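So this one's my_file-v7.txt, compact mmCIF, C-alpha atoms:
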```txt
# COMPACT_ATOMS: atom_id res chain seq x y z
CA MET J 977 -91.81 45.94 34.35
CA MET J 978 -88.04 46.53 34.43
CA GLU J 979 -87.01 50.00 35.54
CA LYS J 980 -83.68 51.74 35.89
CA LEU J 981 -82.46 53.66 38.89
CA GLN J 982 -82.20 57.37 38.16
CA CYS J 983 -80.25 60.20 39.73
CA THR J 984 -82.38 62.03 42.33
CA CYS J 985 -80.82 65.33 41.28
CA CYS J 986 -81.13 65.36 37.49
CA GLY J 987 -82.86 62.12 36.62
CA GLY J 988 -79.82 60.86 34.73
CA LYS J 989 -78.88 57.24 34.27
CA LEU J 990 -76.77 55.61 36.96
CA VAL J 991 -73.84 53.30 36.19
CA MET J 992 -71.51 51.42 38.51
CA ASN J 993 -67.88 52.48 38.87
CA ALA J 994 -64.82 50.47 39.96
CA ASN J 995 -65.35 51.40 43.63
CA GLY J 996 -68.79 49.77 43.74
CA ASN J 997 -70.65 53.11 43.81
CA ALA J 998 -73.34 54.28 41.36
CA VAL J 999 -72.48 57.45 39.43
CA CYS J 1000 -74.79 59.65 37.38
CA GLN J 1001 -73.62 59.95 33.80
CA PHE J 1002 -74.88 63.56 33.51
CA CYS J 1003 -74.25 65.43 36.74
CA GLY J 1004 -71.64 63.15 38.25
CA MET J 1005 -73.56 62.62 41.46
CA GLU J 1006 -72.16 59.56 43.26
CA TYR J 1007 -74.22 57.20 45.40
CA ALA J 1008 -72.71 54.92 48.02
CA PRO J 1009 -74.02 51.34 48.36
CA GLU J 1010 -76.13 52.34 51.38
CA ALA J 1011 -77.82 55.10 49.41
CA MET J 1012 -78.43 52.71 46.53
CA LYS J 1013 -80.15 50.25 48.85
CA LYS J 1014 -82.41 53.03 50.08
CA LEU J 1015 -83.36 53.99 46.53
CA ILE J 1016 -84.10 50.40 45.65
CA VAL J 1017 -86.34 49.98 48.69
CA GLU J 1018 -88.25 53.16 47.79
CA MET J 1019 -88.91 52.02 44.24
CA LYS J 1020 -91.54 49.49 43.27
CA GLY J 1021 -91.22 46.62 40.84
CA THR J 1022 -88.02 45.09 39.53
CA VAL J 1023 -85.09 47.47 39.51
CA GLN J 1024 -81.97 47.31 37.36
CA VAL J 1025 -78.79 49.35 37.55
CA GLU J 1026 -76.64 49.21 34.41
CA GLY J 1027 -73.46 47.26 35.10
CA VAL J 1028 -75.19 45.14 37.76
CA ASP J 1029 -76.28 41.64 36.70
CA THR J 1030 -79.64 40.19 37.62
CA ALA J 1031 -80.39 36.49 38.04
CA ASP J 1032 -82.32 36.40 34.77
CA ALA J 1033 -79.52 38.17 32.89
CA LEU J 1034 -76.88 35.81 34.26
CA ALA J 1035 -78.98 32.75 33.49
CA LYS J 1036 -79.66 33.91 29.93
CA ARG J 1037 -76.01 34.80 29.31
CA ALA J 1038 -74.78 31.50 30.75
CA GLU J 1039 -77.21 29.47 28.63
CA THR J 1040 -76.08 31.38 25.57
CA PHE J 1041 -72.44 30.58 26.24
CA LEU J 1042 -73.35 26.95 26.88
CA SER J 1043 -75.21 26.69 23.58
CA LEU J 1044 -72.14 28.15 21.82
CA GLY J 1045 -69.88 25.57 23.43
CA GLU J 1046 -68.06 28.17 25.56
CA ARG J 1047 -68.10 26.05 28.70
CA GLY J 1048 -65.60 28.22 30.59
CA ASP J 1049 -67.67 31.41 30.17
CA ALA J 1050 -70.85 29.48 30.89
CA ARG J 1051 -69.38 28.09 34.10
CA MET J 1052 -68.27 31.56 35.22
CA ASN J 1053 -71.76 33.01 34.73
CA PHE J 1054 -73.46 30.05 36.40
CA GLN J 1055 -71.13 30.54 39.39
CA LYS J 1056 -72.07 34.24 39.54
CA LEU J 1057 -75.72 33.23 39.50
CA THR J 1058 -75.24 30.87 42.46
CA GLN J 1059 -73.56 33.68 44.39
CA LEU J 1060 -76.25 36.19 43.51
CA ALA J 1061 -79.17 33.83 44.08
CA PRO J 1062 -78.08 30.68 45.93
CA ASP J 1063 -81.66 29.41 46.03
CA ASP J 1064 -82.09 29.69 42.26
CA TYR J 1065 -81.77 26.18 40.85
CA ARG J 1066 -80.70 27.46 37.43
CA GLY J 1067 -77.19 28.30 38.63
CA TRP J 1068 -76.67 24.89 40.24
CA TRP J 1069 -78.26 23.09 37.30
CA GLY J 1070 -75.95 24.94 34.93
CA LEU J 1071 -72.89 24.01 36.99
CA THR J 1072 -74.11 20.42 36.96
CA ARG J 1073 -74.16 20.40 33.17
CA VAL J 1074 -70.67 21.93 32.80
CA PHE J 1075 -69.28 19.81 35.63
CA ASP J 1076 -66.14 17.74 34.89
CA TRP J 1077 -67.71 14.35 35.54
CA ASP J 1078 -64.68 12.37 34.35
CA ASP J 1079 -62.40 14.11 36.83
CA TYR J 1080 -64.98 13.77 39.62
CA PHE J 1081 -65.39 10.01 39.22
CA ARG J 1082 -61.61 9.51 38.80
CA LYS J 1083 -60.84 11.32 42.05
CA ASN J 1084 -63.51 9.28 43.83
CA ALA J 1085 -62.60 5.97 42.22
CA GLY J 1086 -63.07 3.06 44.57
CA GLU J 1087 -65.65 4.98 46.63
CA PRO J 1088 -69.44 4.57 46.46
CA LEU J 1089 -71.00 6.70 43.72
CA GLU J 1090 -72.32 9.92 45.20
CA MET J 1091 -74.03 12.93 43.64
CA PRO J 1092 -71.78 16.04 43.68
CA SER J 1093 -72.90 19.05 45.70
CA CYS J 1094 -73.85 21.20 42.69
CA CYS J 1095 -76.20 18.48 41.46
CA GLN J 1096 -77.64 17.97 44.96
CA ARG J 1097 -78.39 21.69 45.27
CA ALA J 1098 -79.94 21.84 41.81
CA LEU J 1099 -82.21 18.98 42.83
CA ARG J 1100 -83.02 20.66 46.14
CA PHE J 1101 -84.12 24.03 44.70
CA ALA J 1102 -85.55 22.86 41.39
CA PRO J 1103 -89.31 22.81 40.83
CA GLU J 1104 -91.00 19.43 40.79
CA GLY J 1105 -91.22 19.33 37.02
CA LYS J 1106 -87.42 19.76 36.69
CA LYS J 1107 -86.25 17.28 39.31
CA ALA J 1108 -86.86 14.24 37.12
CA GLU J 1109 -84.62 15.71 34.40
CA ILE J 1110 -81.82 16.40 36.90
CA ARG J 1111 -82.04 12.87 38.31
CA ALA J 1112 -82.00 11.35 34.83
CA PHE J 1113 -78.96 13.47 33.91
CA TYR J 1114 -77.03 12.30 36.97
CA ASN J 1115 -78.04 8.66 36.50
CA GLU J 1116 -76.76 8.74 32.94
CA LYS J 1117 -73.39 10.19 34.00
CA ALA J 1118 -73.09 7.70 36.86
CA GLN J 1119 -73.88 4.77 34.58
CA LYS J 1120 -71.69 5.71 31.63
CA ILE J 1121 -68.74 7.54 33.18
CA GLY J 1122 -68.90 6.24 36.73
CA GLY J 1123 -69.31 2.65 35.57
CA ARG J 1124 -66.40 2.89 33.13
CA VAL J 1125 -64.16 4.49 35.75
CA ALA J 1126 -65.11 1.80 38.29
CA GLN J 1127 -64.21 -1.00 35.85
CA ASN J 1128 -60.89 0.60 34.92
CA TYR J 1129 -60.13 1.26 38.58
CA ALA J 1130 -60.70 -2.41 39.47
CA LYS J 1131 -58.50 -3.50 36.57
CA THR J 1132 -55.76 -1.07 37.55
CA GLN J 1133 -55.85 -2.27 41.15
CA GLN J 1134 -55.39 -5.86 39.97
CA GLN J 1135 -52.39 -4.83 37.87
CA LEU J 1136 -50.92 -2.87 40.78
CA SER J 1137 -51.40 -5.87 43.06
CA ALA J 1138 -49.60 -8.15 40.59
CA ILE J 1139 -46.73 -5.68 40.25
CA GLY J 1140 -46.51 -5.35 44.02
CA ALA J 1141 -46.23 -9.12 44.41
CA LYS J 1142 -43.47 -9.29 41.79
CA ARG J 1143 -41.61 -6.42 43.40
CA LYS J 1144 -41.70 -8.16 46.79
CA GLN J 1145 -40.39 -11.33 45.16
CA TYR J 1146 -37.48 -9.45 43.63
CA GLU J 1147 -36.79 -7.75 46.94
CA ARG J 1148 -36.51 -11.17 48.60
CA MET J 1149 -34.21 -12.34 45.82
CA SER J 1150 -32.09 -9.21 46.21
CA ALA J 1151 -31.79 -9.78 49.96
CA ALA J 1152 -30.72 -13.41 49.40
CA LEU J 1153 -28.13 -12.35 46.84
CA LEU J 1154 -26.79 -9.68 49.17
CA GLN J 1155 -26.34 -12.24 51.92
CA GLU J 1156 -24.59 -14.62 49.55
CA GLU J 1157 -22.35 -11.81 48.32
CA ARG J 1158 -21.28 -11.05 51.89
CA GLN J 1159 -20.42 -14.67 52.50
CA ALA J 1160 -18.47 -14.95 49.22
CA THR J 1161 -16.61 -11.71 50.01
CA LEU J 1162 -15.61 -13.01 53.44
CA ARG J 1163 -14.43 -16.26 51.85
CA GLU J 1164 -12.41 -14.31 49.31
CA GLN J 1165 -10.86 -12.19 52.06
CA ARG J 1166 -9.86 -15.27 54.04
CA LEU J 1167 -8.28 -16.82 50.96
CA ASN J 1168 -6.56 -13.58 50.05
CA LYS J 1169 -3.80 -14.26 52.62
CA TYR J 1170 -2.37 -16.74 50.13
CA GLY J 1171 -2.00 -14.00 47.53
CA ASP J 1172 1.79 -13.83 47.82
CA TYR J 1173 2.05 -17.50 46.90
CA ARG J 1174 -0.85 -17.65 44.50
CA ARG J 1175 1.08 -16.10 41.63
CA HIS J 1176 3.67 -18.90 41.96
CA VAL J 1177 1.06 -21.64 41.67
CA THR J 1178 1.16 -22.45 37.98
CA ALA J 1179 1.14 -25.66 36.01
CA GLY J 1180 4.93 -25.36 35.63
CA THR J 1181 5.64 -24.94 39.32
CA VAL J 1182 3.35 -27.84 40.24
CA LEU J 1183 5.07 -30.05 37.63
CA ALA J 1184 8.51 -28.99 38.88
CA ASN J 1185 7.62 -29.88 42.46
CA PHE J 1186 6.21 -33.21 41.33
CA LEU J 1187 9.39 -34.04 39.40
CA PHE J 1188 11.47 -33.03 42.41
CA PHE J 1189 9.44 -35.36 44.61
CA ALA J 1190 9.74 -38.20 42.07
CA ALA J 1191 13.51 -37.71 41.93
CA ALA J 1192 13.69 -37.80 45.74
CA VAL J 1193 11.74 -41.05 45.75
CA ALA J 1194 14.04 -42.56 43.11
CA LEU J 1195 17.05 -41.42 45.07
CA ASN J 1196 15.80 -43.15 48.20
CA VAL J 1197 15.07 -46.31 46.21
CA PHE J 1198 18.45 -46.57 44.57
CA LEU J 1199 20.62 -44.80 47.14
CA PRO J 1200 19.04 -45.22 50.56
CA HIS J 1201 20.65 -42.77 52.93
CA PRO J 1202 19.50 -40.47 55.73
CA ILE J 1203 20.28 -37.47 53.55
CA SER J 1204 18.18 -38.96 50.74
CA LEU J 1205 15.35 -39.40 53.23
CA VAL J 1206 15.62 -35.74 54.27
CA VAL J 1207 15.50 -34.70 50.62
CA LEU J 1208 12.38 -36.86 50.14
CA VAL J 1209 10.67 -35.31 53.15
CA VAL J 1210 11.51 -31.79 51.90
CA ALA J 1211 10.28 -32.65 48.41
CA ALA J 1212 7.09 -34.11 49.81
CA PHE J 1213 6.52 -30.99 51.92
CA PHE J 1214 6.95 -28.64 48.95
CA LEU J 1215 4.72 -30.80 46.78
CA LEU J 1216 1.97 -30.91 49.40
CA GLU J 1217 2.24 -27.18 49.99
CA MET J 1218 2.04 -26.51 46.27
CA CYS J 1219 -1.03 -28.73 45.98
CA TYR J 1220 -2.63 -27.00 48.94
CA LEU J 1221 -1.95 -23.56 47.47
CA ALA J 1222 -3.31 -24.73 44.13
CA VAL J 1223 -6.55 -25.78 45.81
CA GLN J 1224 -6.75 -22.44 47.63
CA LYS J 1225 -6.10 -20.58 44.41
CA ASN J 1226 -8.93 -22.44 42.72
CA ARG J 1227 -11.28 -21.65 45.62
CA TYR J 1228 -10.26 -17.99 45.51
CA LYS J 1229 -10.91 -17.91 41.79
CA ARG J 1230 -14.35 -19.48 42.20
CA ALA J 1231 -15.23 -17.04 45.00
CA GLY J 1232 -14.32 -14.08 42.79
CA GLU J 1233 -16.33 -15.46 39.90
CA ARG J 1234 -19.33 -16.01 42.16
CA ILE J 1235 -19.09 -12.45 43.47
CA ARG J 1236 -19.09 -11.12 39.91
CA GLN J 1237 -22.10 -13.28 39.04
CA ILE J 1238 -23.97 -12.09 42.13
CA ARG J 1239 -23.27 -8.44 41.39
CA SER J 1240 -24.35 -8.88 37.78
CA ARG J 1241 -27.60 -10.47 38.95
CA GLN J 1242 -28.10 -7.69 41.49
CA ALA J 1243 -27.75 -5.08 38.76
CA GLN J 1244 -30.28 -6.96 36.64
CA LEU J 1245 -32.72 -7.17 39.56
CA ALA J 1246 -32.29 -3.45 40.22
CA ARG J 1247 -33.20 -2.67 36.60
CA GLU J 1248 -36.24 -4.95 36.75
CA LYS J 1249 -37.34 -3.42 40.03
CA TRP J 1250 -37.02 0.08 38.53
CA GLU J 1251 -39.16 -1.02 35.59
CA PHE J 1252 -41.80 -2.37 37.97
CA GLU J 1253 -41.81 0.89 39.91
CA GLN J 1254 -42.21 2.91 36.70
CA GLU J 1255 -45.07 0.69 35.59
CA GLU J 1256 -46.68 1.05 39.00
CA LYS J 1257 -46.33 4.84 38.82
CA ARG J 1258 -47.80 4.89 35.31
CA LEU J 1259 -50.80 2.85 36.40
CA GLN J 1260 -51.40 5.14 39.37
CA GLU J 1261 -51.26 8.27 37.21
CA GLN J 1262 -52.95 7.00 34.08
CA THR J 1263 -56.29 8.33 32.96
CA LEU J 1264 -58.98 5.86 33.94
```
Please express what this file holds, its structure, as structure tokens.
Amino acid sequence: MMEKLQCTCCGGKLVMNANGNAVCQFCGMEYAPEAMKKLIVEMKGTVQVEGVDTADALAKRAETFLSLGERGDARMNFQKLTQLAPDDYRGWWGLTRVFDWDDYFRKNAGEPLEMPSCCQRALRFAPEGKKAEIRAFYNEKAQKIGGRVAQNYAKTQQQLSAIGAKRKQYERMSAALLQEERQATLREQRLNKYGDYRRHVTAGTVLANFLFFAAAVALNVFLPHPISLVVLVVAAFFLLEMCYLAVQKNRYKRAGERIRQIRSRQAQLAREKWEFEQEEKRLQEQTL
């Protein structure tokens, strides 16, 4: 039969205060925890002090919250029960039922399925008639939730592997483009020494030099003379120089165009690589 601790002075009811001591509601007599233990030992039967939970009270309250769908309050009372009576299977069994199985299997994705500690302890302390129910409960969670998480984990790993391969391919392409850009830049720098002349290399200047050379040739044909020969040599020199500068200008132009193409491709690869990284991050963080 349930009894209540009473004040030894007046027989009044004892309640717990914030300091952890029992206080008589009538005379105000205060009992330290040591004195309370002595009173409990002296009394026979089951003893209850108002404000102090018993295992049965915690189990009943937790089951009530669980039946109402208040999983947070149920979990709190089941945890109190495990602290008060760690060998009472009801606390561990209650925590097993309010356990976040989805989160547990997600965090352990890729690992062998293993029973969480709360379920193991419930199975350890439960009577024989209850152990089959606990095992069946765990097997159902492992099959439905654990199996689904394992399938999604394997699929996600395949997707991550494919993205990783593509990212490595783009990294190799980026490295090749960078090397080509360096070579094109060096070529452009070498050709840049002709910049002072490059602006003079136009279709008009090339035509003018050609006409000058043709006139020098005609002069030597019709009026052969050492001076005419000198004029022809000078005309030929200017024409050859102009042709050479025209070729260099064209090479310089092509080098600049190639550099712009390379940099445009590098920017495109950088965007694609960023997209791959975001997709990889999303897959790693997604809910399995």
At what distance in Å, to one decimal, does atom CA of Ala1038 of chain J lie from atom CA of Ala1050 of chain J?
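It comes out at 4.4 Å.
Pairwise distance (atom CA of Ala1031 of chain J, atom CA of Pro1062 of chain J) equals 10.1 Å.
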Selection: 8 Å around segment 1063-1072 of chain J, all atoms listed in the file, excl. self and same-chain fewer than 4 positions, as an mmCIF file with C-alpha atoms, in the frame of the given file:
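Everything below was put into part14.cif:
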```cif
data_model
loop_
_atom_site.group_PDB
_atom_site.id
_atom_site.type_symbol
_atom_site.label_atom_id
_atom_site.label_comp_id
_atom_site.auth_asym_id
_atom_site.auth_seq_id
_atom_site.Cartn_x
_atom_site.Cartn_y
_atom_site.Cartn_z
ATOM 1 C CA ALA J 1035 -78.980 32.750 33.490
ATOM 2 C CA ALA J 1038 -74.780 31.500 30.750
ATOM 3 C CA GLU J 1039 -77.210 29.470 28.630
ATOM 4 C CA ALA J 1050 -70.850 29.480 30.890
ATOM 5 C CA ARG J 1051 -69.380 28.090 34.100
ATOM 6 C CA PHE J 1054 -73.460 30.050 36.400
ATOM 7 C CA GLN J 1055 -71.130 30.540 39.390
ATOM 8 C CA LYS J 1056 -72.070 34.240 39.540
ATOM 9 C CA LEU J 1057 -75.720 33.230 39.500
ATOM 10 C CA THR J 1058 -75.240 30.870 42.460
ATOM 11 C CA CYS J 1094 -73.850 21.200 42.690
ATOM 12 C CA CYS J 1095 -76.200 18.480 41.460
ATOM 13 C CA ARG J 1097 -78.390 21.690 45.270
ATOM 14 C CA ALA J 1098 -79.940 21.840 41.810
ATOM 15 C CA LEU J 1099 -82.210 18.980 42.830
ATOM 16 C CA ARG J 1100 -83.020 20.660 46.140
ATOM 17 C CA PHE J 1101 -84.120 24.030 44.700
ATOM 18 C CA ALA J 1102 -85.550 22.860 41.390
ATOM 19 C CA ILE J 1110 -81.820 16.400 36.900
#
```
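Take the candidates J:Tyr1007, J:Phe1252, J:Trp1077, J:Phe1186 and check each one against Glu1217 of chain J using all atoms listed in the file; the shortest distance goes to J:Phe1186.
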Using Å and a single decimal, report how far atom CA of Ala1211 of chain J sits from atom CA of Asn1185 of chain J.
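Taking atom CA of Asn1185 of chain J and atom CA of Ala1211 of chain J, their separation equals 7.1 Å.
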Selected residue, from J:Ala1190, J:Leu1136, J:Ala1243, J:Ala1141, that lies nearest to Glu1256 of chain J when counting only C-alpha atoms
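The answer is J:Leu1136, which sits nearest to Glu1256 of chain J.
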Using all atoms listed in the file for the distances, tell me which of J:Arg1047, J:Thr1030, J:Asn1084, J:Trp1250 is nearest to Leu1060 of chain J.
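Closest to Leu1060 of chain J, using all atoms listed in the file: J:Thr1030.
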Axis-aligned box for segment 1188-1207 of chain J, 8 Å per side, centre and edges in Å as AutoDock Vina command-line options:
```
--center_x 15.0 --center_y -39.8 --center_z 48.8 --size_x 27.2 --size_y 29.5 --size_z 29.8
```
Of the candidates J:Leu1034, J:Met1091, J:Leu1162, J:Val991, which one gets nearest to Lys1117 of chain J if we count all atoms listed in the file?
J:Met1091
Which is closer to Arg1082 of chain J than all the others in J:Ala1138, J:Ala1152, J:Ala1118, J:Leu1208, using all atoms listed in the file?
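Residue with the minimum atom-to-atom distance to Arg1082 of chain J: J:Ala1118.
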From the options J:Ala1108, J:Met1149, J:Ala998, J:Ala1222, which residue's atoms come nearest to Gly1180 of chain J, counting all atoms listed in the file?
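Looking at the shortest contact to Gly1180 of chain J, the residue is J:Ala1222.
Within the 12 Å cut-off around Ala1126 of chain J, using only C-alpha atoms and omitting residues fewer than 5 positions from it on the same chain, the listed residues are J:Asp1078, J:Phe1081, J:Arg1082, J:Lys1083, J:Asn1084, J:Ala1085, J:Gly1086, J:Glu1087, J:Pro1088, J:Leu1089, J:Ala1118, J:Gln1119, J:Lys1120, J:Ile1121, J:Lys1131, J:Thr1132, J:Gln1133, J:Leu1264.
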Generate N, CA, C and O atoms for segment 1214-1229 of chain J and emit them as a short mmCIF file (atom, residue, chain, number, x, y, z; two decimals), keeping the file's coordinate frame.
```cif
data_model
loop_
_atom_site.label_atom_id
_atom_site.label_comp_id
_atom_site.auth_asym_id
_atom_site.auth_seq_id
_atom_site.Cartn_x
_atom_site.Cartn_y
_atom_site.Cartn_z
N PHE J 1214 7.17 -29.66 49.99
CA PHE J 1214 6.95 -28.64 48.95
C PHE J 1214 5.83 -29.04 47.99
O PHE J 1214 5.03 -28.21 47.55
N LEU J 1215 5.77 -30.34 47.68
CA LEU J 1215 4.72 -30.80 46.78
C LEU J 1215 3.34 -30.66 47.42
O LEU J 1215 2.38 -30.19 46.78
N LEU J 1216 3.25 -31.04 48.70
CA LEU J 1216 1.97 -30.91 49.40
C LEU J 1216 1.57 -29.44 49.56
O LEU J 1216 0.39 -29.08 49.40
N GLU J 1217 2.54 -28.61 49.86
CA GLU J 1217 2.24 -27.18 49.99
C GLU J 1217 1.76 -26.61 48.67
O GLU J 1217 0.81 -25.83 48.61
N MET J 1218 2.43 -27.01 47.58
CA MET J 1218 2.04 -26.51 46.27
C MET J 1218 0.63 -26.98 45.91
O MET J 1218 -0.17 -26.20 45.38
N CYS J 1219 0.32 -28.23 46.24
CA CYS J 1219 -1.03 -28.73 45.98
C CYS J 1219 -2.07 -27.98 46.81
O CYS J 1219 -3.15 -27.63 46.32
N TYR J 1220 -1.71 -27.73 48.07
CA TYR J 1220 -2.63 -27.00 48.94
C TYR J 1220 -2.88 -25.58 48.41
O TYR J 1220 -4.02 -25.10 48.36
N LEU J 1221 -1.81 -24.91 48.01
CA LEU J 1221 -1.95 -23.56 47.47
C LEU J 1221 -2.73 -23.56 46.16
O LEU J 1221 -3.49 -22.62 45.87
N ALA J 1222 -2.56 -24.63 45.38
CA ALA J 1222 -3.31 -24.73 44.13
C ALA J 1222 -4.81 -24.85 44.40
O ALA J 1222 -5.65 -24.25 43.72
N VAL J 1223 -5.14 -25.65 45.43
CA VAL J 1223 -6.55 -25.78 45.81
C VAL J 1223 -7.10 -24.44 46.30
O VAL J 1223 -8.21 -24.03 45.93
N GLN J 1224 -6.31 -23.73 47.13
CA GLN J 1224 -6.75 -22.44 47.63
C GLN J 1224 -6.90 -21.43 46.50
O GLN J 1224 -7.84 -20.60 46.51
N LYS J 1225 -6.00 -21.48 45.54
CA LYS J 1225 -6.10 -20.58 44.41
C LYS J 1225 -7.38 -20.83 43.63
O LYS J 1225 -8.05 -19.90 43.19
N ASN J 1226 -7.71 -22.10 43.45
CA ASN J 1226 -8.93 -22.44 42.72
C ASN J 1226 -10.17 -21.97 43.49
O ASN J 1226 -11.12 -21.46 42.89
N ARG J 1227 -10.16 -22.13 44.80
CA ARG J 1227 -11.28 -21.65 45.62
C ARG J 1227 -11.40 -20.14 45.56
O ARG J 1227 -12.50 -19.58 45.48
N TYR J 1228 -10.27 -19.45 45.60
CA TYR J 1228 -10.26 -17.99 45.51
C TYR J 1228 -10.82 -17.53 44.17
O TYR J 1228 -11.61 -16.58 44.10
N LYS J 1229 -10.43 -18.25 43.13
CA LYS J 1229 -10.91 -17.91 41.79
C LYS J 1229 -12.42 -18.10 41.70
O LYS J 1229 -13.14 -17.25 41.15
#
```
